[in-house]
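Source file run33.cif; content: mmCIF, C-alpha atoms.
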```
data_protein
loop_
_atom_site.label_atom_id
_atom_site.label_comp_id
_atom_site.auth_asym_id
_atom_site.auth_seq_id
_atom_site.Cartn_x
_atom_site.Cartn_y
_atom_site.Cartn_z
CA MET V 143 -6.05 -23.91 -24.59
CA SER V 144 -9.20 -22.24 -23.29
CA ASP V 145 -10.43 -18.90 -24.58
CA LEU V 146 -9.56 -17.22 -21.30
CA ALA V 147 -6.03 -18.66 -21.38
CA ILE V 148 -5.61 -17.11 -24.83
CA VAL V 149 -6.89 -13.78 -23.50
CA ALA V 150 -4.38 -14.03 -20.64
CA GLU V 151 -1.51 -14.55 -23.09
CA LYS V 152 -2.53 -11.46 -25.04
CA LEU V 153 -2.86 -9.34 -21.91
CA ASP V 154 0.56 -10.43 -20.64
CA ALA V 155 2.08 -9.62 -24.05
CA VAL V 156 1.07 -5.94 -23.78
CA ASP V 157 1.63 -5.55 -20.03
CA GLU V 158 4.08 -2.67 -19.43
CA LEU V 159 5.04 -4.12 -16.04
CA ALA V 160 5.64 -7.68 -17.27
CA GLY V 161 9.41 -7.20 -17.38
CA ARG V 162 9.52 -6.48 -13.65
CA ARG V 163 8.86 -10.14 -12.89
CA ALA V 164 12.46 -10.95 -13.81
CA GLU V 165 13.61 -8.76 -10.89
CA PHE V 166 12.20 -11.26 -8.38
CA VAL V 167 13.20 -14.75 -7.29
CA LEU V 168 10.24 -16.84 -8.45
CA ASP V 169 9.46 -20.35 -9.61
CA ASP V 170 6.54 -22.09 -11.32
CA VAL V 171 4.23 -21.54 -8.36
CA VAL V 172 1.42 -19.01 -8.77
CA TYR V 173 2.21 -16.79 -5.80
CA LEU V 174 -0.89 -14.90 -4.68
CA ASP V 175 0.14 -14.24 -1.09
CA GLY V 176 2.21 -11.11 -1.60
CA ASN V 177 -0.33 -9.29 0.54
CA SER V 178 1.16 -11.28 3.45
CA LEU V 179 4.80 -11.62 2.38
CA GLY V 180 6.17 -10.19 -0.84
CA ALA V 181 8.47 -12.22 -3.08
CA LEU V 182 12.25 -11.79 -2.80
CA PRO V 183 13.72 -9.12 -5.11
CA ALA V 184 16.74 -10.66 -6.86
CA VAL V 185 19.08 -7.82 -5.84
CA VAL V 186 18.62 -8.39 -2.10
CA PRO V 187 20.87 -11.44 -1.40
CA GLY V 188 23.96 -9.82 -2.88
CA ARG V 189 23.30 -6.55 -1.08
CA VAL V 190 22.81 -8.28 2.26
CA GLU V 191 26.03 -10.23 1.73
CA ASP V 192 27.86 -6.94 1.19
CA VAL V 193 26.32 -5.47 4.33
CA VAL V 194 27.38 -8.48 6.38
CA ARG V 195 30.81 -9.26 4.90
CA ARG V 196 32.15 -5.82 4.01
CA GLN V 197 30.20 -3.19 5.92
CA TRP V 198 29.97 -5.16 9.16
CA GLY V 199 32.84 -7.60 8.67
CA GLU V 200 35.50 -5.17 7.45
CA LEU V 201 34.41 -1.62 8.22
CA ARG V 202 32.67 -2.56 11.47
CA ILE V 203 31.88 0.55 13.59
CA ARG V 204 32.98 2.83 10.75
CA SER V 205 29.91 1.79 8.76
CA TRP V 206 27.63 3.91 10.92
CA GLU V 207 29.12 6.86 9.08
CA GLU V 208 30.93 5.53 6.00
CA SER V 209 28.15 3.13 4.92
CA GLY V 210 25.33 5.47 5.90
CA TRP V 211 23.88 3.26 8.60
CA TRP V 212 23.01 6.16 10.88
CA THR V 213 20.89 7.98 8.30
CA ALA V 214 19.18 4.86 6.95
CA PRO V 215 15.80 5.38 8.70
CA GLU V 216 15.13 8.74 7.07
CA ARG V 217 16.91 7.91 3.79
CA ILE V 218 14.80 4.79 3.25
CA GLY V 219 11.76 6.72 4.45
CA ASP V 220 12.32 9.13 1.58
CA ARG V 221 12.34 6.17 -0.84
CA ILE V 222 8.99 5.01 0.49
CA ALA V 223 7.50 8.51 0.55
CA PRO V 224 6.56 8.77 -3.17
CA LEU V 225 4.88 5.36 -3.00
CA VAL V 226 2.43 6.75 -0.43
CA GLY V 227 2.13 10.22 -1.92
CA ALA V 228 4.41 12.07 0.49
CA ALA V 229 7.13 14.64 -0.04
CA PRO V 230 10.58 13.95 1.45
CA GLY V 231 11.24 14.50 5.13
CA GLN V 232 7.99 13.05 6.47
CA VAL V 233 8.59 9.30 6.62
CA VAL V 234 10.96 7.50 8.95
CA VAL V 235 11.62 3.74 8.87
CA GLY V 236 12.05 1.60 11.96
CA ASP V 237 10.33 -0.59 14.56
CA SER V 238 7.27 -2.74 13.81
CA THR V 239 3.86 -1.63 12.59
CA SER V 240 2.46 -2.25 16.06
CA VAL V 241 5.05 -0.01 17.71
CA ASN V 242 4.42 2.71 15.13
CA VAL V 243 0.65 2.47 15.63
CA PHE V 244 1.28 3.09 19.32
CA LYS V 245 3.54 6.06 18.63
CA ALA V 246 1.11 7.55 16.12
CA LEU V 247 -2.07 7.07 18.16
CA VAL V 248 -0.70 8.37 21.45
CA GLY V 249 0.96 11.22 19.57
CA ALA V 250 -2.37 12.00 17.92
CA VAL V 251 -4.20 12.11 21.25
CA ARG V 252 -1.56 14.43 22.66
CA MET V 253 -1.93 16.74 19.66
CA ALA V 254 -5.71 16.79 20.03
CA GLY V 255 -5.34 18.29 23.49
CA GLU V 256 -7.53 18.35 26.56
CA GLY V 257 -11.31 18.12 26.42
CA ARG V 258 -11.32 15.42 23.78
CA ASP V 259 -11.72 12.15 25.61
CA GLU V 260 -12.62 9.57 22.97
CA ILE V 261 -10.65 7.55 20.42
CA LEU V 262 -12.46 5.95 17.50
CA VAL V 263 -10.97 2.77 16.06
CA ASP V 264 -11.90 0.79 12.95
CA ALA V 265 -14.18 -1.99 14.25
CA THR V 266 -12.98 -4.27 11.43
CA THR V 267 -9.30 -3.59 12.04
CA PHE V 268 -6.46 -6.08 12.18
CA PRO V 269 -6.49 -7.33 15.79
CA THR V 270 -3.14 -5.82 16.81
CA ASP V 271 -4.31 -2.32 15.90
CA GLY V 272 -7.30 -2.85 18.20
CA TYR V 273 -5.11 -4.11 21.03
CA ILE V 274 -2.76 -1.13 20.69
CA ALA V 275 -5.68 1.30 20.52
CA GLU V 276 -7.19 -0.16 23.68
CA SER V 277 -3.90 0.19 25.53
CA ALA V 278 -3.34 3.72 24.21
CA ALA V 279 -6.81 4.71 25.42
CA ARG V 280 -6.12 3.37 28.90
CA MET V 281 -2.74 5.07 29.10
CA THR V 282 -4.08 8.45 27.98
CA GLY V 283 -7.28 8.28 30.01
CA ARG V 284 -9.51 8.19 26.93
CA THR V 285 -12.47 6.01 26.02
CA LEU V 286 -12.12 3.70 23.04
CA ARG V 287 -15.08 3.24 20.69
CA PRO V 288 -14.95 0.73 17.81
CA VAL V 289 -16.84 2.01 14.76
CA ALA V 290 -17.25 0.62 11.23
CA PRO V 291 -15.37 2.92 8.81
CA ALA V 292 -18.54 3.85 6.93
CA ASP V 293 -20.11 4.99 10.23
CA VAL V 294 -17.21 7.18 11.32
CA PRO V 295 -18.64 10.51 10.04
CA GLY V 296 -21.76 10.03 12.16
CA ALA V 297 -19.76 9.01 15.22
CA LEU V 298 -17.44 12.03 15.24
CA GLY V 299 -17.99 14.87 17.67
CA GLU V 300 -16.41 17.49 19.89
CA CYS V 301 -15.12 14.77 22.22
CA THR V 302 -13.24 12.88 19.47
CA ALA V 303 -9.47 13.09 19.88
CA ALA V 304 -8.20 10.70 17.22
CA VAL V 305 -9.40 8.15 14.71
CA LEU V 306 -7.43 5.03 13.71
CA LEU V 307 -8.49 3.47 10.41
CA ASN V 308 -7.26 0.86 7.93
CA HIS V 309 -7.02 1.93 4.30
CA VAL V 310 -7.81 -1.62 3.10
CA ASP V 311 -9.64 -4.28 5.09
CA TYR V 312 -7.20 -7.18 5.47
CA ARG V 313 -9.92 -9.84 5.19
CA THR V 314 -12.18 -8.62 2.43
CA GLY V 315 -9.91 -6.30 0.46
CA ARG V 316 -12.40 -3.43 0.79
CA LEU V 317 -10.78 -0.06 0.12
CA HIS V 318 -12.03 2.63 2.46
CA ASP V 319 -12.52 6.28 1.55
CA LEU V 320 -9.31 7.86 2.84
CA PRO V 321 -9.95 11.34 1.39
CA GLY V 322 -13.55 11.55 2.59
CA LEU V 323 -12.97 10.08 6.03
CA THR V 324 -9.87 12.21 6.63
CA ALA V 325 -11.87 15.34 5.73
CA ALA V 326 -14.65 14.30 8.12
CA VAL V 327 -12.17 13.72 10.94
CA HIS V 328 -10.63 17.14 10.38
CA GLU V 329 -14.03 18.84 10.25
CA ALA V 330 -14.66 17.45 13.74
CA GLY V 331 -11.31 18.85 14.91
CA ALA V 332 -9.77 15.41 15.46
CA VAL V 333 -6.55 13.78 14.25
CA ALA V 334 -6.57 11.13 11.51
CA VAL V 335 -4.26 8.09 11.75
CA TRP V 336 -4.20 5.59 8.87
CA ASP V 337 -2.80 2.05 8.67
CA LEU V 338 -1.49 1.52 5.11
CA CYS V 339 -0.29 -2.08 5.42
CA HIS V 340 -2.55 -3.38 2.66
CA SER V 341 -2.39 -0.38 0.33
CA ALA V 342 1.18 0.94 0.17
CA GLY V 343 2.77 -0.39 -3.00
CA ALA V 344 -0.57 -1.55 -4.40
CA LEU V 345 -2.45 1.68 -5.07
CA PRO V 346 -2.11 5.47 -4.80
CA VAL V 347 -2.52 6.73 -1.24
CA GLY V 348 -2.00 10.48 -1.48
CA LEU V 349 -1.03 11.26 2.11
CA ASP V 350 0.04 14.85 1.43
CA GLY V 351 -2.72 15.56 -1.05
CA HIS V 352 -5.47 14.45 1.31
CA GLY V 353 -4.00 16.06 4.42
CA VAL V 354 -3.52 12.85 6.40
CA ASP V 355 -2.02 13.64 9.81
CA LEU V 356 -0.22 10.42 10.71
CA ALA V 357 0.16 7.08 8.97
CA VAL V 358 1.93 3.78 9.54
CA GLY V 359 2.58 0.72 7.45
CA CYS V 360 4.61 -2.44 7.10
CA THR V 361 7.12 -3.08 4.32
CA TYR V 362 6.98 -6.85 3.91
CA LYS V 363 3.80 -7.05 1.83
CA TYR V 364 3.56 -5.11 -1.44
CA LEU V 365 6.90 -3.38 -0.73
CA ASN V 366 8.68 -6.77 -0.64
CA GLY V 367 11.05 -5.88 2.19
CA GLY V 368 11.32 -9.38 3.63
CA PRO V 369 9.91 -11.18 6.69
CA GLY V 370 9.74 -8.85 9.66
CA SER V 371 11.24 -5.94 7.72
CA PRO V 372 10.94 -2.62 9.58
CA ALA V 373 7.78 -0.57 9.33
CA TYR V 374 7.47 3.18 8.76
CA LEU V 375 5.84 6.21 10.32
CA TYR V 376 4.56 9.27 8.44
CA VAL V 377 4.16 12.58 10.23
CA ARG V 378 2.71 15.43 8.18
CA ARG V 379 5.20 18.25 7.94
CA GLU V 380 2.88 20.84 9.49
CA LEU V 381 2.46 18.66 12.58
CA GLN V 382 6.04 17.57 13.15
CA ASP V 383 6.85 20.23 15.74
CA ARG V 384 3.77 19.13 17.72
CA PHE V 385 4.39 15.39 17.48
CA ASP V 386 5.14 14.21 21.02
CA SER V 387 6.23 10.58 20.74
CA PRO V 388 5.40 8.33 23.70
CA LEU V 389 8.69 6.49 23.02
CA PRO V 390 11.38 9.19 23.20
CA GLY V 391 14.47 7.08 22.62
CA TRP V 392 18.03 8.30 22.28
CA ASN V 393 17.86 8.02 18.48
CA SER V 394 15.12 10.66 18.36
CA HIS V 395 17.04 13.11 20.55
CA ALA V 396 18.17 16.39 19.01
CA GLU V 397 21.72 15.48 20.15
CA PRO V 398 21.77 11.68 20.37
CA PHE V 399 25.46 11.54 21.24
CA GLY V 400 25.20 14.34 23.76
CA MET V 401 24.03 11.76 26.28
CA ARG V 402 22.03 14.38 28.15
CA THR V 403 19.70 13.44 30.98
CA GLY V 404 16.97 15.72 29.63
CA TYR V 405 15.11 14.85 26.43
CA GLU V 406 14.94 17.30 23.54
CA PRO V 407 13.23 15.91 20.41
CA ALA V 408 14.97 16.04 17.06
CA PRO V 409 13.42 18.22 14.39
CA GLY V 410 11.04 16.80 11.79
CA ALA V 411 10.14 13.17 11.28
CA LEU V 412 13.34 12.12 13.06
CA ARG V 413 11.48 12.36 16.34
CA GLY V 414 9.69 9.19 15.23
CA ARG V 415 12.91 7.22 15.72
CA VAL V 416 13.42 5.36 19.00
CA GLY V 417 16.43 3.07 19.44
CA THR V 418 19.33 1.81 17.37
CA PRO V 419 18.15 0.97 13.82
CA ASP V 420 17.90 -2.72 12.85
CA ILE V 421 20.49 -2.34 10.12
CA LEU V 422 20.50 -5.79 8.48
CA SER V 423 16.78 -5.89 7.75
CA MET V 424 16.66 -2.15 7.05
CA LEU V 425 19.31 -2.33 4.33
CA ALA V 426 17.68 -5.42 2.85
CA LEU V 427 14.54 -3.29 2.56
CA GLU V 428 16.49 -0.48 0.93
CA ALA V 429 17.75 -2.90 -1.72
CA ALA V 430 14.27 -4.33 -2.24
CA LEU V 431 12.85 -0.88 -2.94
CA GLU V 432 15.03 -0.63 -6.05
CA VAL V 433 12.43 -2.65 -7.97
CA TRP V 434 10.30 0.52 -7.84
CA ASP V 435 12.80 2.56 -9.84
CA GLY V 436 10.97 3.84 -12.90
CA VAL V 437 7.60 2.39 -11.80
CA SER V 438 4.56 4.58 -11.20
CA VAL V 439 2.03 3.64 -8.55
CA GLU V 440 -0.69 4.59 -11.03
CA ALA V 441 0.53 1.91 -13.47
CA VAL V 442 0.57 -0.61 -10.64
CA ARG V 443 -2.99 0.32 -9.69
CA ALA V 444 -4.23 0.02 -13.28
CA LYS V 445 -2.75 -3.48 -13.59
CA SER V 446 -4.03 -4.47 -10.14
CA LEU V 447 -7.60 -3.64 -11.13
CA ALA V 448 -7.22 -5.38 -14.48
CA LEU V 449 -5.78 -8.50 -12.80
CA THR V 450 -8.49 -8.74 -10.16
CA ASP V 451 -11.21 -8.09 -12.76
CA PHE V 452 -9.79 -10.86 -14.94
CA PHE V 453 -9.46 -13.27 -12.03
CA LEU V 454 -13.13 -12.73 -11.13
CA GLU V 455 -14.06 -13.30 -14.77
CA CYS V 456 -12.15 -16.58 -14.78
CA VAL V 457 -13.68 -17.67 -11.46
CA ALA V 458 -17.16 -16.97 -12.82
CA ALA V 459 -16.40 -18.99 -15.94
CA TYR V 460 -14.65 -21.97 -14.31
CA VAL V 461 -15.98 -22.43 -10.77
CA PRO V 462 -19.35 -24.20 -10.32
CA ALA V 463 -22.14 -21.72 -9.58
CA GLY V 464 -22.77 -21.15 -5.89
CA ARG V 465 -19.56 -22.81 -4.76
CA VAL V 466 -17.84 -19.55 -3.77
CA GLU V 467 -19.02 -16.03 -2.96
CA CYS V 468 -16.89 -12.96 -3.60
CA VAL V 469 -16.78 -10.71 -0.53
CA THR V 470 -14.46 -8.15 -2.12
CA PRO V 471 -16.31 -5.15 -3.59
CA VAL V 472 -16.72 -5.21 -7.35
CA ALA V 473 -16.51 -1.41 -7.66
CA HIS V 474 -12.96 -0.31 -8.40
CA GLU V 475 -13.11 2.61 -6.00
CA GLU V 476 -13.87 0.18 -3.16
CA ARG V 477 -11.33 -2.54 -3.99
CA GLY V 478 -7.75 -3.01 -2.84
CA SER V 479 -5.40 -5.46 -4.57
CA GLN V 480 -6.82 -8.74 -3.34
CA ILE V 481 -9.84 -10.93 -3.93
CA ALA V 482 -11.51 -12.70 -1.01
CA LEU V 483 -13.83 -15.61 -1.76
CA ARG V 484 -16.10 -17.13 0.86
CA CYS V 485 -16.16 -20.92 0.82
CA ASP V 486 -17.54 -23.32 3.45
CA ASP V 487 -14.46 -25.54 3.51
CA ALA V 488 -11.98 -22.74 2.83
CA GLY V 489 -9.20 -24.03 5.10
CA ASP V 490 -9.05 -27.43 3.41
CA VAL V 491 -9.45 -25.90 -0.05
CA MET V 492 -6.47 -23.60 0.45
CA LYS V 493 -4.28 -26.47 1.59
CA ARG V 494 -5.16 -28.38 -1.59
CA LEU V 495 -4.55 -25.29 -3.75
CA ILE V 496 -1.09 -24.87 -2.28
CA GLU V 497 -0.33 -28.54 -2.96
CA GLN V 498 -1.17 -27.84 -6.61
CA GLY V 499 1.07 -24.79 -6.89
CA VAL V 500 -1.38 -21.95 -6.23
CA VAL V 501 -0.45 -20.11 -3.04
CA GLY V 502 -2.99 -17.86 -1.39
CA ASP V 503 -4.07 -17.88 2.21
CA PHE V 504 -6.99 -18.71 4.49
CA ARG V 505 -8.70 -16.40 6.95
CA ALA V 506 -11.04 -17.97 9.48
CA PRO V 507 -13.71 -18.97 9.36
CA ASP V 508 -14.40 -19.27 5.63
CA VAL V 509 -12.34 -16.91 3.45
CA LEU V 510 -9.92 -17.77 0.65
CA ARG V 511 -7.67 -14.74 0.14
CA PHE V 512 -5.75 -14.08 -3.07
CA GLY V 513 -3.36 -11.13 -3.22
CA PHE V 514 -2.32 -9.71 -6.59
CA THR V 515 1.10 -8.03 -6.65
CA PRO V 516 1.29 -6.38 -10.09
CA LEU V 517 5.09 -6.22 -10.23
CA TYR V 518 5.35 -10.00 -10.54
CA VAL V 519 1.87 -11.49 -10.99
CA GLY V 520 0.58 -11.85 -14.55
CA PHE V 521 -2.72 -12.58 -16.23
CA ALA V 522 -1.72 -16.19 -16.99
CA ASP V 523 -1.19 -16.60 -13.24
CA ALA V 524 -4.72 -15.34 -12.59
CA GLU V 525 -6.21 -17.71 -15.17
CA ARG V 526 -4.27 -20.69 -13.85
CA ALA V 527 -5.29 -19.93 -10.25
CA ALA V 528 -8.98 -19.82 -11.19
CA ARG V 529 -8.67 -23.02 -13.22
CA VAL V 530 -6.98 -24.90 -10.35
CA LEU V 531 -9.54 -23.54 -7.92
CA ALA V 532 -12.35 -24.85 -10.09
CA ARG V 533 -10.70 -28.27 -10.30
CA THR V 534 -10.23 -28.33 -6.55
CA LEU V 535 -13.86 -27.46 -5.89
CA GLY V 536 -15.23 -29.68 -8.65
#
```
Before anything else, please render the file you have as structure tokens.
Amino acid sequence: MSDLAIVAEKLDAVDELAGRRAEFVLDDVVYLDGNSLGALPAVVPGRVEDVVRRQWGELRIRSWEESGWWTAPERIGDRIAPLVGAAPGQVVVGDSTSVNVFKALVGAVRMAGEGRDEILVDATTFPTDGYIAESAARMTGRTLRPVAPADVPGALGECTAAVLLNHVDYRTGRLHDLPGLTAAVHEAGAVAVWDLCHSAGALPVGLDGHGVDLAVGCTYKYLNGGPGSPAYLYVRRELQDRFDSPLPGWNSHAEPFGMRTGYEPAPGALRGRVGTPDILSMLALEAALEVWDGVSVEAVRAKSLALTDFFLECVAAYVPAGRVECVTPVAHEERGSQIALRCDDAGDVMKRLIEQGVVGDFRAPDVLRFGFTPLYVGFADAERAARVLARTLG
């Protein structure tokens, strides 16, 4: 056994989160792709069976009330809220991330008011966010300007209506300065919208504490909600009465069963709802969130940094010099919960890693991406992944 393998054993032995691994359905594979799709929490299959067989199969329409289906979007939102640093009543679950980006960005422009004719968007953003931002700009008669997150403060001005940013860069794992950038946006009189897909469940976000206006995120990555699980929308309490959703569905009406021809928005975050909730996937998500009971995001962040530090140490020790280049920032304050390594033949390398039981993913043209989910990834996993990588590149 190598020295680093011994170190990994010792670190796993004192890891306060190590016991959480048993709450997931896992095998001998080193699963480092939880930043794309989280592992299955063991409680979910039984809960989904109950939803299908009893709640739907036996209670049928009664489950909207008796099983709490109707209130699921805000109830599950309140379970997510502490994971992103929000008080209850500000997060609603439903629709996809893309749909929620649209709601949030158009709502932000409407709140900014007339005379502000420009939207800034993260130039390094996940493509869909850029597509949605471009469409939102056309629909609201604004100009869209892509800007690197670090350059946002200098690009802000009296004409800025809203700014859409990613908390963590999906390719490199770079963590952007949410507190500082939000403050700069506010100083310019604009509205800040954050995409939390690669940070929620991996590190503290502090939405309330940093005065974020609107935020969106998916639930199938670090929150382990399952493939295509519904996303969420955060609307800061002070702005809820001003939030004018561009998708005013019947579920966000103040009297949804009044069937009125005129629209009157529901109070609070409920106006972020649109249509009938997707109950099966939503209740699977609710069950999945039980793995967070008794877990602090701060403990998750501490382990995440320790894991990624250790993985980089193992890569440096095992992988031939010059074979890979780390594009993820070394500084903790600039790092999410993944490590991205640049490698000329990255696509082929990842295929061979997966064949050998180390699952990460490939991002064109040359990035190997390894996501570290602290609830079920251990230090022995990190050491094994680096050792297999070195063998594959050798």
Using 12 Å as the limit and counting all atoms listed in the file, can you tabulate each residue of range 417-511 of chain V that touches range 205-210 of chain V, with its shortest atom-to-atom distance in Å and the two atoms involved, as a Markdown table?
```
| residue | atom | partner | partner_atom | distance |
| --- | --- | --- | --- | --- |
| V:Thr418 | CA | V:Trp206 | CA | 10.7 |
| V:Pro419 | CA | V:Trp206 | CA | 10.3 |
| V:Asp420 | CA | V:Trp206 | CA | 11.9 |
| V:Ile421 | CA | V:Trp206 | CA | 9.5 |
| V:Met424 | CA | V:Gly210 | CA | 11.6 |
| V:Leu425 | CA | V:Gly210 | CA | 10.0 |
| V:Glu428 | CA | V:Gly210 | CA | 11.8 |
```
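CA of Ser277 in chain V sits 21.9 Å away from CA of Arg384 in chain V.
Distance annotation: of V:Leu510, V:Leu225, V:Leu517, V:Leu412, the residue with the minimal separation from Cys468 in chain V is V:Leu510; atom set is only C-alpha atoms.
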Just say which residues the PyMOL selection byres ((chain V and resi 365) around 9) picks in this file, as a count of residues only.
17
Carefully work through the PyMOL selection byres ((chain V and resi 488-493) around 8) for this structure and note down the residues it includes, as a PDB file with C-alpha atoms, in the coordinates of the input.
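The new file expr.pdb reads:
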```pdb
ATOM      1  CA  ARG V 484     -16.100 -17.130   0.860  1.00  0.00           C
ATOM      2  CA  CYS V 485     -16.160 -20.920   0.820  1.00  0.00           C
ATOM      3  CA  ASP V 486     -17.540 -23.320   3.450  1.00  0.00           C
ATOM      4  CA  ASP V 487     -14.460 -25.540   3.510  1.00  0.00           C
ATOM      5  CA  ARG V 494      -5.160 -28.380  -1.590  1.00  0.00           C
ATOM      6  CA  LEU V 495      -4.550 -25.290  -3.750  1.00  0.00           C
ATOM      7  CA  ILE V 496      -1.090 -24.870  -2.280  1.00  0.00           C
ATOM      8  CA  GLU V 497      -0.330 -28.540  -2.960  1.00  0.00           C
ATOM      9  CA  VAL V 501      -0.450 -20.110  -3.040  1.00  0.00           C
ATOM     10  CA  GLY V 502      -2.990 -17.860  -1.390  1.00  0.00           C
ATOM     11  CA  ASP V 503      -4.070 -17.880   2.210  1.00  0.00           C
ATOM     12  CA  PHE V 504      -6.990 -18.710   4.490  1.00  0.00           C
ATOM     13  CA  ARG V 505      -8.700 -16.400   6.950  1.00  0.00           C
ATOM     14  CA  ALA V 506     -11.040 -17.970   9.480  1.00  0.00           C
ATOM     15  CA  PRO V 507     -13.710 -18.970   9.360  1.00  0.00           C
ATOM     16  CA  ASP V 508     -14.400 -19.270   5.630  1.00  0.00           C
ATOM     17  CA  VAL V 509     -12.340 -16.910   3.450  1.00  0.00           C
ATOM     18  CA  LEU V 510      -9.920 -17.770   0.650  1.00  0.00           C
ATOM     19  CA  THR V 534     -10.230 -28.330  -6.550  1.00  0.00           C
ATOM     20  CA  LEU V 535     -13.860 -27.460  -5.890  1.00  0.00           C
TER      21      LEU V 535
END
```
Val442 in chain V proximity check over V:Gly296, V:Gly478, V:Gly331, V:Pro390, using all atoms listed in the file: winner is V:Gly478
Q: Identify, on the basis of all atoms listed in the file, every residue whose closest approach to Thr324 in chain V does not exceed 12 Å; exclude the query and any residue fewer than 6 positions from it along the same chain; express the result as a list in words.
A: Pro291, Val294, Pro295, Leu298, Ala304, Val305, Leu306, Leu307, Asn308, His309, His318, Ala330, Gly331, Ala332, Val333, Ala334, Val335, Trp336, Gly348, Leu349, Asp350, Gly351, His352, Gly353, Val354, Asp355, Leu356 and Ala357 of chain V
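Closest approach to Ala254 in chain V among V:Val358, V:Glu432, V:Arg511, V:Leu381 is made by V:Leu381 (distances from all atoms listed in the file).
With all atoms listed in the file as the atoms that count, the residue of V:Ala441, V:Leu179, V:Val519, V:Leu146 with the shortest distance to Val457 in chain V is V:Leu146.
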For Val193 in chain V: contacts at 8 Å, all atoms listed in the file, fewer than 4 positions along chain excluded, given as number ranges by chain: V: 189, 197-198, 422, 425
Atom pair CA of Leu153 in chain V + CA of Phe521 in chain V, distance 6.5 Å
Selection result for the PyMOL selection byres ((chain V and resi 289) around 8) on this file, as a ChimeraX atom specification: /V:262-265,287-288,290-291,293-294,297
Restricting to all atoms listed in the file, whichever of V:Asp271, V:Asp259, V:Asp386, V:Glu475 is closest to Val241 in chain V is V:Asp271
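Take CA of Leu168 in chain V and CA of Val439 in chain V: the distance between them is 22.1 Å.
When only C-alpha atoms are used to compute distances to Gly219 in chain V, the closest of the residues V:Phe453, V:Phe268, V:Tyr374, V:Tyr405 turns out to be V:Tyr374.
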Item checked: Within 12 Å of file point (-5.1, -15.1, -22.5), counting all atoms listed in the file, expressed as a ChimeraX atom specification -> /V:143-157,449,452-453,455-456,520-526
Item to check | Contacts of Val461 in chain V at 9 Å (only C-alpha atoms; same-chain gap of 6+ positions) as a list in words | outcome: Ala528, Arg529, Leu531, Ala532, Arg533, Leu535 and Gly536 of chain V
